[in-house]
file final-v1.cif (mmCIF, C-alpha atoms and all ligand atoms)
data_work
loop_
_atom_site.label_atom_id
_atom_site.label_comp_id
_atom_site.auth_asym_id
_atom_site.auth_seq_id
_atom_site.Cartn_x
_atom_site.Cartn_y
_atom_site.Cartn_z
CA MET A 1 102.62 -44.15 -275.44
CA LYS A 2 101.15 -42.38 -272.43
CA TYR A 3 102.40 -38.97 -271.43
CA PHE A 4 101.60 -38.02 -267.86
CA ILE A 5 102.53 -34.63 -266.45
CA LEU A 6 103.15 -34.44 -262.73
CA PHE A 7 102.25 -30.89 -261.81
CA GLY A 8 102.37 -28.83 -258.64
CA PRO A 9 104.29 -26.15 -256.76
CA PRO A 10 107.85 -26.74 -255.54
CA GLY A 11 107.78 -28.97 -252.49
CA ALA A 12 104.40 -30.53 -253.34
CA GLY A 13 105.95 -33.99 -253.25
CA LYS A 14 106.35 -34.62 -256.98
CA GLY A 15 109.72 -36.36 -256.70
CA THR A 16 108.48 -38.56 -253.85
CA GLN A 17 105.33 -39.66 -255.67
CA ALA A 18 107.06 -40.08 -259.05
CA THR A 19 108.92 -43.18 -257.86
CA ALA A 20 105.71 -45.09 -257.09
CA MET A 21 104.01 -43.87 -260.28
CA VAL A 22 106.74 -44.99 -262.68
CA GLU A 23 106.91 -48.40 -261.05
CA LYS A 24 103.19 -49.10 -261.08
CA TYR A 25 102.55 -47.92 -264.64
CA ASN A 26 105.91 -48.82 -266.28
CA LEU A 27 106.79 -45.24 -267.13
CA HIS A 28 110.12 -43.50 -267.63
CA HIS A 29 110.56 -40.65 -265.14
CA ILE A 30 111.90 -37.41 -266.59
CA SER A 31 112.68 -34.76 -264.00
CA THR A 32 114.06 -31.65 -265.69
CA GLY A 33 115.32 -30.44 -262.28
CA ALA A 34 117.26 -33.68 -261.77
CA LEU A 35 118.63 -33.57 -265.35
CA LEU A 36 119.80 -30.00 -264.78
CA ARG A 37 121.43 -30.90 -261.44
CA LYS A 38 123.26 -33.69 -263.27
CA GLU A 39 124.63 -31.18 -265.79
CA ILE A 40 125.73 -28.94 -262.93
CA ALA A 41 127.48 -31.81 -261.14
CA ALA A 42 129.25 -32.76 -264.38
CA GLY A 43 130.39 -29.15 -264.80
CA THR A 44 129.16 -28.83 -268.39
CA GLU A 45 128.69 -25.48 -270.12
CA LEU A 46 124.92 -25.92 -269.88
CA GLY A 47 125.25 -26.79 -266.20
CA LEU A 48 127.24 -23.66 -265.54
CA GLN A 49 124.59 -21.46 -267.12
CA ALA A 50 121.76 -23.31 -265.37
CA LYS A 51 123.44 -23.10 -261.94
CA ALA A 52 123.28 -19.32 -261.70
CA LEU A 53 119.59 -19.25 -262.63
CA ILE A 54 118.54 -22.15 -260.43
CA GLU A 55 120.35 -20.73 -257.41
CA LYS A 56 118.36 -17.52 -257.76
CA GLY A 57 115.06 -19.42 -257.92
CA SER A 58 114.55 -18.50 -261.60
CA LEU A 59 113.81 -20.82 -264.49
CA VAL A 60 116.34 -21.88 -267.12
CA PRO A 61 115.51 -20.95 -270.75
CA ASP A 62 112.64 -22.87 -272.34
CA GLU A 63 114.75 -24.17 -275.25
CA VAL A 64 117.18 -25.86 -272.87
CA VAL A 65 114.57 -28.02 -271.16
CA GLU A 66 112.60 -28.61 -274.36
CA GLY A 67 115.73 -30.10 -275.96
CA MET A 68 116.25 -32.36 -272.94
CA ILE A 69 112.70 -33.67 -273.12
CA GLU A 70 112.77 -34.40 -276.83
CA SER A 71 116.03 -36.28 -276.58
CA GLU A 72 114.69 -38.45 -273.71
CA PHE A 73 111.57 -39.27 -275.75
CA LYS A 74 113.78 -40.40 -278.62
CA THR A 75 116.25 -42.49 -276.66
CA VAL A 76 114.18 -44.28 -274.02
CA LYS A 77 112.53 -47.52 -275.15
CA GLY A 78 110.66 -50.39 -273.53
CA VAL A 79 108.24 -48.37 -271.41
CA ASP A 80 104.49 -47.74 -271.63
CA GLY A 81 104.97 -44.01 -271.35
CA PHE A 82 106.66 -41.08 -269.69
CA LEU A 83 106.17 -39.20 -266.46
CA LEU A 84 107.14 -35.56 -266.84
CA ASP A 85 108.10 -34.05 -263.50
CA GLY A 86 108.84 -30.33 -263.46
CA PHE A 87 108.06 -29.92 -267.16
CA PRO A 88 106.30 -28.02 -268.66
CA ARG A 89 106.73 -25.05 -266.35
CA THR A 90 105.77 -22.22 -268.72
CA LEU A 91 103.14 -21.77 -271.44
CA PRO A 92 105.75 -21.84 -274.24
CA GLN A 93 107.04 -25.15 -272.83
CA ALA A 94 103.50 -26.58 -272.86
CA GLU A 95 103.07 -25.49 -276.47
CA ALA A 96 106.47 -26.94 -277.39
CA LEU A 97 105.49 -30.24 -275.76
CA ASP A 98 102.29 -30.36 -277.82
CA ALA A 99 104.33 -29.66 -280.96
CA ILE A 100 106.87 -32.40 -280.15
CA LEU A 101 104.07 -34.93 -279.55
CA ALA A 102 102.18 -33.82 -282.66
CA LYS A 103 105.14 -34.99 -284.80
CA THR A 104 104.14 -38.57 -283.89
CA SER A 105 100.38 -37.80 -283.72
CA GLU A 106 100.37 -38.08 -279.95
CA VAL A 107 98.94 -35.94 -277.15
CA VAL A 108 99.37 -35.41 -273.41
CA THR A 109 97.42 -38.16 -271.63
CA ALA A 110 96.73 -36.37 -268.34
CA THR A 111 98.13 -33.73 -266.02
CA VAL A 112 98.05 -34.85 -262.41
CA SER A 113 98.36 -31.89 -260.12
CA ILE A 114 99.38 -32.13 -256.46
CA MET A 115 98.18 -29.05 -254.62
CA ILE A 116 99.49 -27.63 -251.35
CA PRO A 117 99.20 -24.11 -249.89
CA ASP A 118 102.15 -21.68 -249.99
CA GLU A 119 102.81 -21.92 -246.22
CA MET A 120 103.33 -25.64 -246.60
CA ILE A 121 105.73 -25.17 -249.52
CA MET A 122 108.12 -23.24 -247.27
CA GLU A 123 107.83 -25.74 -244.43
CA ARG A 124 108.43 -28.79 -246.63
CA ILE A 125 111.34 -27.31 -248.55
CA LYS A 126 113.06 -26.30 -245.32
CA GLY A 127 112.68 -29.88 -244.10
CA ARG A 128 114.13 -31.22 -247.35
CA ALA A 129 117.07 -28.79 -247.16
CA LEU A 130 118.27 -30.50 -243.99
CA LYS A 131 118.31 -33.89 -245.73
CA GLU A 132 119.30 -33.17 -249.32
CA GLY A 133 121.36 -29.97 -249.18
CA ARG A 134 120.09 -28.55 -252.52
CA ALA A 135 121.50 -25.08 -253.19
CA ASP A 136 118.07 -23.79 -254.26
CA ASP A 137 116.57 -24.90 -250.92
CA ALA A 138 119.15 -22.98 -248.91
CA SER A 139 117.44 -19.68 -248.09
CA GLU A 140 113.95 -18.26 -247.58
CA ASP A 141 114.64 -15.64 -250.23
CA ILE A 142 115.35 -18.26 -252.89
CA ILE A 143 112.33 -20.33 -251.86
CA ASN A 144 110.08 -17.24 -251.97
CA ASN A 145 111.39 -16.48 -255.44
CA ARG A 146 110.57 -20.03 -256.55
CA ILE A 147 107.07 -19.69 -255.13
CA ALA A 148 106.63 -16.41 -257.03
CA THR A 149 108.03 -17.99 -260.21
CA TYR A 150 105.52 -20.81 -259.81
CA HIS A 151 102.56 -18.42 -259.44
CA ASN A 152 103.63 -16.15 -262.31
CA GLN A 153 104.95 -18.57 -264.90
CA THR A 154 103.70 -22.06 -264.09
CA GLU A 155 100.21 -21.61 -262.66
CA PRO A 156 98.75 -20.45 -266.03
CA LEU A 157 99.22 -24.05 -267.17
CA ILE A 158 96.27 -25.05 -264.97
CA GLU A 159 93.97 -23.17 -267.31
CA TYR A 160 95.81 -24.50 -270.37
CA TYR A 161 95.31 -28.14 -269.41
CA SER A 162 91.83 -27.57 -267.96
CA LYS A 163 90.68 -26.18 -271.29
CA ALA A 164 92.19 -29.21 -273.02
CA GLU A 165 90.31 -31.42 -270.52
CA ARG A 166 93.59 -32.93 -269.40
CA TYR A 167 93.77 -31.52 -265.85
CA TYR A 168 93.20 -33.57 -262.66
CA GLU A 169 93.90 -32.03 -259.29
CA ILE A 170 94.41 -33.84 -256.01
CA ASP A 171 94.97 -32.64 -252.45
CA GLY A 172 98.66 -32.93 -251.52
CA ILE A 173 98.01 -32.78 -247.78
CA GLY A 174 98.14 -36.14 -246.03
CA THR A 175 100.55 -39.04 -245.70
CA ILE A 176 102.72 -40.12 -248.65
CA GLU A 177 100.50 -43.21 -249.03
CA GLU A 178 97.26 -41.21 -248.94
CA VAL A 179 98.49 -38.83 -251.62
CA ARG A 180 99.83 -41.76 -253.67
CA ASP A 181 96.45 -43.50 -253.62
CA ARG A 182 94.69 -40.34 -254.77
CA ILE A 183 97.12 -40.15 -257.69
CA PHE A 184 96.66 -43.84 -258.56
CA SER A 185 92.89 -43.47 -258.60
CA ILE A 186 93.27 -40.90 -261.38
CA MET A 187 95.97 -42.74 -263.34
CA ASP A 188 93.96 -45.98 -263.27
CA ARG A 189 91.48 -44.34 -265.66
CA PHE A 190 94.01 -44.14 -268.51
P1 LIG B 201 111.10 -28.10 -257.48
O1 LIG B 201 109.95 -28.83 -258.12
O2 LIG B 201 111.31 -28.50 -256.06
O3 LIG B 201 111.03 -26.60 -257.65
P2 LIG B 201 112.97 -29.10 -259.54
O4 LIG B 201 113.98 -30.08 -259.13
O5 LIG B 201 111.84 -29.56 -260.40
O6 LIG B 201 112.46 -28.48 -258.17
O7 LIG B 201 113.65 -27.86 -260.28
C1 LIG B 201 114.72 -27.15 -259.71
C2 LIG B 201 115.02 -25.92 -260.57
O8 LIG B 201 115.47 -26.33 -261.90
C3 LIG B 201 113.87 -24.97 -260.84
O9 LIG B 201 113.65 -24.05 -259.78
C4 LIG B 201 114.33 -24.29 -262.13
O10 LIG B 201 115.29 -23.30 -261.90
C5 LIG B 201 115.01 -25.42 -262.90
N1 LIG B 201 114.04 -26.11 -263.78
C6 LIG B 201 113.53 -27.35 -263.61
N2 LIG B 201 112.64 -27.65 -264.57
C7 LIG B 201 112.55 -26.55 -265.36
C8 LIG B 201 111.77 -26.20 -266.50
N3 LIG B 201 110.89 -27.06 -267.04
N4 LIG B 201 111.95 -24.98 -267.05
C9 LIG B 201 112.82 -24.12 -266.55
N5 LIG B 201 113.57 -24.34 -265.47
C10 LIG B 201 113.45 -25.56 -264.87
#
call {"tool": "encode", "arguments": {"input": "final-v1.cif", "output": "structure tokens"}}
result
Amino acid sequence: MKYFILFGPPGAGKGTQATAMVEKYNLHHISTGALLRKEIAAGTELGLQAKALIEKGSLVPDEVVEGMIESEFKTVKGVDGFLLDGFPRTLPQAEALDAILAKTSEVVTATVSIMIPDEMIMERIKGRALKEGRADDASEDIINNRIATYHNQTEPLIEYYSKAERYYEIDGIGTIEEVRDRIFSIMDRF
């Protein structure tokens, strides 16, 4: 099994690119953000707890998303691998992922990172807010908090995966097709 991580700040275009990636490489897409929004929509206990955190621009507890990931790995069959979108987002999550994969003697295949500058994050998320109406896209304050959360908690993963020689960064500026082709040129190597 291949385990690709789709990395990048909020608004980098991960969700957009994920669709093409899973199709081309026969992967199962796991978006922890989408899974959490599903829990919220279903009004579960977990969803209720997650809602308050997400709408502040904070992260939900590591154990919550780690459990989601492990259960997807166990239940999804018939694919060549997984595309993790929005996970891991903290160092403990990255270590937990390594531990989960180690149980079956597997490792992360590659981390593909889509990079855009902070100014563009704000611009893109505001554009998305008009179309999708996500509660965490609703105000500049929340978006700024998500950007700060990214820099403080998620960015250290760049060093983590660079050290493991599993980190590949591409420029997220350009058309959807241009960015997609940059991603494909990396994924084709694995
Ligand atoms: P984006 O990539 O645009 O920030 P996501 O849909 O990936 O949005 O995530 C939305 C929110 O869900 C995050 O801001 C966070 O609160 C929560 N979330 C998603 N994935 C994780 C994770 N791996 N760990 C903790 N919280 C998460």
call {"tool": "atom_distance", "arguments": {"input": "final-v1.cif", "atom1": "atom CA of A:Tyr161", "atom2": "atom CA of A:Glu55"}}
result
28.7 Å
call {"tool": "closest_atom_pairs", "arguments": {"input": "final-v1.cif", "of": "stretch 43-144 of chain A", "to": "stretch 7-19 of chain A", "cutoff": "7 Å", "atoms": "only C-alpha atoms", "output": "Markdown table"}}
result
| residue | atom | partner | partner_atom | distance |
| --- | --- | --- | --- | --- |
| A:Asp85 | CA | A:Lys14 | CA | 6.8 |
| A:Gly86 | CA | A:Phe7 | CA | 6.8 |
| A:Thr111 | CA | A:Phe7 | CA | 6.5 |
| A:Val112 | CA | A:Phe7 | CA | 5.8 |
| A:Ser113 | CA | A:Phe7 | CA | 4.4 |
| A:Ile114 | CA | A:Gly8 | CA | 5.0 |
| A:Met115 | CA | A:Gly8 | CA | 5.8 |
| A:Ile116 | CA | A:Ala12 | CA | 6.0 |
| A:Ile121 | CA | A:Gly11 | CA | 5.2 |
| A:Arg124 | CA | A:Gly11 | CA | 5.9 |
| A:Ile125 | CA | A:Gly11 | CA | 5.6 |
call {"tool": "residues_near_ligand", "arguments": {"input": "final-v1.cif", "ligand": "ligand LIG 201 (chain B)", "cutoff": "8 Å", "atoms": "only C-alpha atoms and all ligand atoms", "output": "PDB file with C-alpha atoms, keeping the file's coordinate frame"}}
result
ATOM      1  CA  GLY A   8     102.370 -28.830-258.640  1.00  0.00           C
ATOM      2  CA  PRO A   9     104.290 -26.150-256.760  1.00  0.00           C
ATOM      3  CA  PRO A  10     107.850 -26.740-255.540  1.00  0.00           C
ATOM      4  CA  GLY A  11     107.780 -28.970-252.490  1.00  0.00           C
ATOM      5  CA  ALA A  12     104.400 -30.530-253.340  1.00  0.00           C
ATOM      6  CA  LYS A  14     106.350 -34.620-256.980  1.00  0.00           C
ATOM      7  CA  GLY A  15     109.720 -36.360-256.700  1.00  0.00           C
ATOM      8  CA  SER A  31     112.680 -34.760-264.000  1.00  0.00           C
ATOM      9  CA  THR A  32     114.060 -31.650-265.690  1.00  0.00           C
ATOM     10  CA  GLY A  33     115.320 -30.440-262.280  1.00  0.00           C
ATOM     11  CA  ALA A  34     117.260 -33.680-261.770  1.00  0.00           C
ATOM     12  CA  LEU A  36     119.800 -30.000-264.780  1.00  0.00           C
ATOM     13  CA  ARG A  37     121.430 -30.900-261.440  1.00  0.00           C
ATOM     14  CA  ALA A  50     121.760 -23.310-265.370  1.00  0.00           C
ATOM     15  CA  LEU A  53     119.590 -19.250-262.630  1.00  0.00           C
ATOM     16  CA  ILE A  54     118.540 -22.150-260.430  1.00  0.00           C
ATOM     17  CA  GLU A  55     120.350 -20.730-257.410  1.00  0.00           C
ATOM     18  CA  LYS A  56     118.360 -17.520-257.760  1.00  0.00           C
ATOM     19  CA  GLY A  57     115.060 -19.420-257.920  1.00  0.00           C
ATOM     20  CA  SER A  58     114.550 -18.500-261.600  1.00  0.00           C
ATOM     21  CA  LEU A  59     113.810 -20.820-264.490  1.00  0.00           C
ATOM     22  CA  VAL A  60     116.340 -21.880-267.120  1.00  0.00           C
ATOM     23  CA  PRO A  61     115.510 -20.950-270.750  1.00  0.00           C
ATOM     24  CA  ASP A  62     112.640 -22.870-272.340  1.00  0.00           C
ATOM     25  CA  VAL A  64     117.180 -25.860-272.870  1.00  0.00           C
ATOM     26  CA  VAL A  65     114.570 -28.020-271.160  1.00  0.00           C
ATOM     27  CA  GLU A  66     112.600 -28.610-274.360  1.00  0.00           C
ATOM     28  CA  ASP A  85     108.100 -34.050-263.500  1.00  0.00           C
ATOM     29  CA  GLY A  86     108.840 -30.330-263.460  1.00  0.00           C
ATOM     30  CA  PHE A  87     108.060 -29.920-267.160  1.00  0.00           C
ATOM     31  CA  PRO A  88     106.300 -28.020-268.660  1.00  0.00           C
ATOM     32  CA  ARG A  89     106.730 -25.050-266.350  1.00  0.00           C
ATOM     33  CA  THR A  90     105.770 -22.220-268.720  1.00  0.00           C
ATOM     34  CA  GLN A  93     107.040 -25.150-272.830  1.00  0.00           C
ATOM     35  CA  ILE A 125     111.340 -27.310-248.550  1.00  0.00           C
ATOM     36  CA  ASP A 136     118.070 -23.790-254.260  1.00  0.00           C
ATOM     37  CA  ARG A 146     110.570 -20.030-256.550  1.00  0.00           C
TER      38      ARG A 146
END
call {"tool": "atom_distance", "arguments": {"input": "final-v1.cif", "atom1": "atom CA of A:Arg180", "atom2": "atom CA of A:Ile147"}}
result
23.3 Å
call {"tool": "atom_distance", "arguments": {"input": "final-v1.cif", "atom1": "atom CA of A:Gly81", "atom2": "atom CA of A:His28"}}
result
6.4 Å
call {"tool": "residues_around", "arguments": {"input": "final-v1.cif", "residues": "A:Ala129", "least_positions_apart": "6", "cutoff": "12 Å", "atoms": "only C-alpha atoms", "output": "PyMOL selection string"}}
result
chain A and resi 11+122-123+135-140+143
call {"tool": "closest_residue", "arguments": {"input": "final-v1.cif", "among": "A:Lys77, A:Arg182, A:Lys163, A:Arg134", "to": "A:Ile40", "atoms": "all atoms listed in the file"}}
result
A:Arg134
call {"tool": "residues_around", "arguments": {"input": "final-v1.cif", "residues": "A:Arg166", "least_positions_apart": "2", "cutoff": "7 Å", "atoms": "only C-alpha atoms", "output": "PDB file with C-alpha atoms, in the coordinates of the input"}}
result
ATOM      1  CA  THR A 109      97.420 -38.160-271.630  1.00  0.00           C
ATOM      2  CA  ALA A 110      96.730 -36.370-268.340  1.00  0.00           C
ATOM      3  CA  THR A 111      98.130 -33.730-266.020  1.00  0.00           C
ATOM      4  CA  TYR A 161      95.310 -28.140-269.410  1.00  0.00           C
ATOM      5  CA  SER A 162      91.830 -27.570-267.960  1.00  0.00           C
ATOM      6  CA  ALA A 164      92.190 -29.210-273.020  1.00  0.00           C
ATOM      7  CA  TYR A 168      93.200 -33.570-262.660  1.00  0.00           C
TER       8      TYR A 168
END
call {"tool": "build_atoms", "arguments": {"input": "final-v1.cif", "residues": "stretch 137-148 of chain A", "atoms": "all heavy atoms", "output": "PDB file, in the frame of the given file"}}
result
ATOM      1  N   ASP A 137     117.412 -24.776-252.118  1.00  0.00           N
ATOM      2  CA  ASP A 137     116.570 -24.900-250.920  1.00  0.00           C
ATOM      3  C   ASP A 137     117.186 -24.121-249.755  1.00  0.00           C
ATOM      4  O   ASP A 137     116.644 -24.114-248.652  1.00  0.00           O
ATOM      5  CB  ASP A 137     116.466 -26.383-250.484  1.00  0.00           C
ATOM      6  CG  ASP A 137     115.595 -27.218-251.425  1.00  0.00           C
ATOM      7  OD1 ASP A 137     114.888 -26.641-252.255  1.00  0.00           O
ATOM      8  OD2 ASP A 137     115.643 -28.455-251.298  1.00  0.00           O
ATOM      9  N   ALA A 138     118.326 -23.476-250.016  1.00  0.00           N
ATOM     10  CA  ALA A 138     119.150 -22.980-248.910  1.00  0.00           C
ATOM     11  C   ALA A 138     118.634 -21.739-248.180  1.00  0.00           C
ATOM     12  O   ALA A 138     118.953 -21.550-247.021  1.00  0.00           O
ATOM     13  CB  ALA A 138     120.577 -22.745-249.406  1.00  0.00           C
ATOM     14  N   SER A 139     117.873 -20.881-248.823  1.00  0.00           N
ATOM     15  CA  SER A 139     117.440 -19.680-248.090  1.00  0.00           C
ATOM     16  C   SER A 139     115.968 -19.358-248.373  1.00  0.00           C
ATOM     17  O   SER A 139     115.429 -19.713-249.431  1.00  0.00           O
ATOM     18  CB  SER A 139     118.300 -18.482-248.469  1.00  0.00           C
ATOM     19  OG  SER A 139     117.821 -17.896-249.667  1.00  0.00           O
ATOM     20  N   GLU A 140     115.352 -18.651-247.416  1.00  0.00           N
ATOM     21  CA  GLU A 140     113.950 -18.260-247.580  1.00  0.00           C
ATOM     22  C   GLU A 140     113.750 -17.379-248.797  1.00  0.00           C
ATOM     23  O   GLU A 140     112.728 -17.462-249.466  1.00  0.00           O
ATOM     24  CB  GLU A 140     113.435 -17.542-246.321  1.00  0.00           C
ATOM     25  CG  GLU A 140     112.995 -18.503-245.254  1.00  0.00           C
ATOM     26  CD  GLU A 140     112.063 -17.864-244.216  1.00  0.00           C
ATOM     27  OE1 GLU A 140     111.548 -16.758-244.430  1.00  0.00           O
ATOM     28  OE2 GLU A 140     111.873 -18.528-243.164  1.00  0.00           O
ATOM     29  N   ASP A 141     114.740 -16.532-249.065  1.00  0.00           N
ATOM     30  CA  ASP A 141     114.640 -15.640-250.230  1.00  0.00           C
ATOM     31  C   ASP A 141     114.519 -16.436-251.527  1.00  0.00           C
ATOM     32  O   ASP A 141     113.703 -16.122-252.391  1.00  0.00           O
ATOM     33  CB  ASP A 141     115.879 -14.734-250.331  1.00  0.00           C
ATOM     34  CG  ASP A 141     115.768 -13.557-249.377  1.00  0.00           C
ATOM     35  OD1 ASP A 141     114.696 -13.396-248.760  1.00  0.00           O
ATOM     36  OD2 ASP A 141     116.762 -12.819-249.241  1.00  0.00           O
ATOM     37  N   ILE A 142     115.374 -17.442-251.656  1.00  0.00           N
ATOM     38  CA  ILE A 142     115.350 -18.260-252.890  1.00  0.00           C
ATOM     39  C   ILE A 142     114.012 -19.010-252.975  1.00  0.00           C
ATOM     40  O   ILE A 142     113.378 -19.049-254.030  1.00  0.00           O
ATOM     41  CB  ILE A 142     116.500 -19.293-252.934  1.00  0.00           C
ATOM     42  CG1 ILE A 142     117.856 -18.615-252.807  1.00  0.00           C
ATOM     43  CG2 ILE A 142     116.437 -20.116-254.224  1.00  0.00           C
ATOM     44  CD1 ILE A 142     119.020 -19.592-252.646  1.00  0.00           C
ATOM     45  N   ILE A 143     113.584 -19.560-251.852  1.00  0.00           N
ATOM     46  CA  ILE A 143     112.330 -20.330-251.860  1.00  0.00           C
ATOM     47  C   ILE A 143     111.158 -19.410-252.212  1.00  0.00           C
ATOM     48  O   ILE A 143     110.311 -19.762-253.039  1.00  0.00           O
ATOM     49  CB  ILE A 143     112.102 -21.047-250.503  1.00  0.00           C
ATOM     50  CG1 ILE A 143     113.260 -22.016-250.219  1.00  0.00           C
ATOM     51  CG2 ILE A 143     110.765 -21.815-250.513  1.00  0.00           C
ATOM     52  CD1 ILE A 143     113.293 -22.580-248.804  1.00  0.00           C
ATOM     53  N   ASN A 144     111.151 -18.198-251.633  1.00  0.00           N
ATOM     54  CA  ASN A 144     110.080 -17.240-251.970  1.00  0.00           C
ATOM     55  C   ASN A 144     110.097 -16.895-253.449  1.00  0.00           C
ATOM     56  O   ASN A 144     109.040 -16.740-254.072  1.00  0.00           O
ATOM     57  CB  ASN A 144     110.208 -15.963-251.131  1.00  0.00           C
ATOM     58  CG  ASN A 144     109.566 -16.141-249.767  1.00  0.00           C
ATOM     59  OD1 ASN A 144     108.553 -16.830-249.634  1.00  0.00           O
ATOM     60  ND2 ASN A 144     110.152 -15.548-248.750  1.00  0.00           N
ATOM     61  N   ASN A 145     111.285 -16.781-254.003  1.00  0.00           N
ATOM     62  CA  ASN A 145     111.390 -16.480-255.440  1.00  0.00           C
ATOM     63  C   ASN A 145     110.840 -17.642-256.269  1.00  0.00           C
ATOM     64  O   ASN A 145     110.150 -17.435-257.278  1.00  0.00           O
ATOM     65  CB  ASN A 145     112.842 -16.172-255.799  1.00  0.00           C
ATOM     66  CG  ASN A 145     112.941 -15.430-257.119  1.00  0.00           C
ATOM     67  OD1 ASN A 145     111.956 -14.881-257.605  1.00  0.00           O
ATOM     68  ND2 ASN A 145     114.121 -15.439-257.709  1.00  0.00           N
ATOM     69  N   ARG A 146     111.100 -18.870-255.815  1.00  0.00           N
ATOM     70  CA  ARG A 146     110.570 -20.030-256.550  1.00  0.00           C
ATOM     71  C   ARG A 146     109.051 -20.085-256.454  1.00  0.00           C
ATOM     72  O   ARG A 146     108.383 -20.457-257.421  1.00  0.00           O
ATOM     73  CB  ARG A 146     111.192 -21.325-256.005  1.00  0.00           C
ATOM     74  CG  ARG A 146     112.650 -21.455-256.435  1.00  0.00           C
ATOM     75  CD  ARG A 146     113.389 -22.476-255.622  1.00  0.00           C
ATOM     76  NE  ARG A 146     112.862 -23.816-255.771  1.00  0.00           N
ATOM     77  CZ  ARG A 146     113.103 -24.795-254.909  1.00  0.00           C
ATOM     78  NH1 ARG A 146     113.827 -24.563-253.823  1.00  0.00           N
ATOM     79  NH2 ARG A 146     112.625 -25.990-255.130  1.00  0.00           N
ATOM     80  N   ILE A 147     108.526 -19.711-255.289  1.00  0.00           N
ATOM     81  CA  ILE A 147     107.070 -19.690-255.130  1.00  0.00           C
ATOM     82  C   ILE A 147     106.469 -18.640-256.076  1.00  0.00           C
ATOM     83  O   ILE A 147     105.477 -18.894-256.768  1.00  0.00           O
ATOM     84  CB  ILE A 147     106.660 -19.425-253.661  1.00  0.00           C
ATOM     85  CG1 ILE A 147     107.112 -20.596-252.769  1.00  0.00           C
ATOM     86  CG2 ILE A 147     105.151 -19.220-253.537  1.00  0.00           C
ATOM     87  CD1 ILE A 147     106.905 -20.377-251.263  1.00  0.00           C
ATOM     88  N   ALA A 148     107.108 -17.482-256.143  1.00  0.00           N
ATOM     89  CA  ALA A 148     106.630 -16.410-257.030  1.00  0.00           C
ATOM     90  C   ALA A 148     106.728 -16.848-258.490  1.00  0.00           C
ATOM     91  O   ALA A 148     105.805 -16.632-259.298  1.00  0.00           O
ATOM     92  CB  ALA A 148     107.425 -15.132-256.794  1.00  0.00           C
TER      93      ALA A 148
END
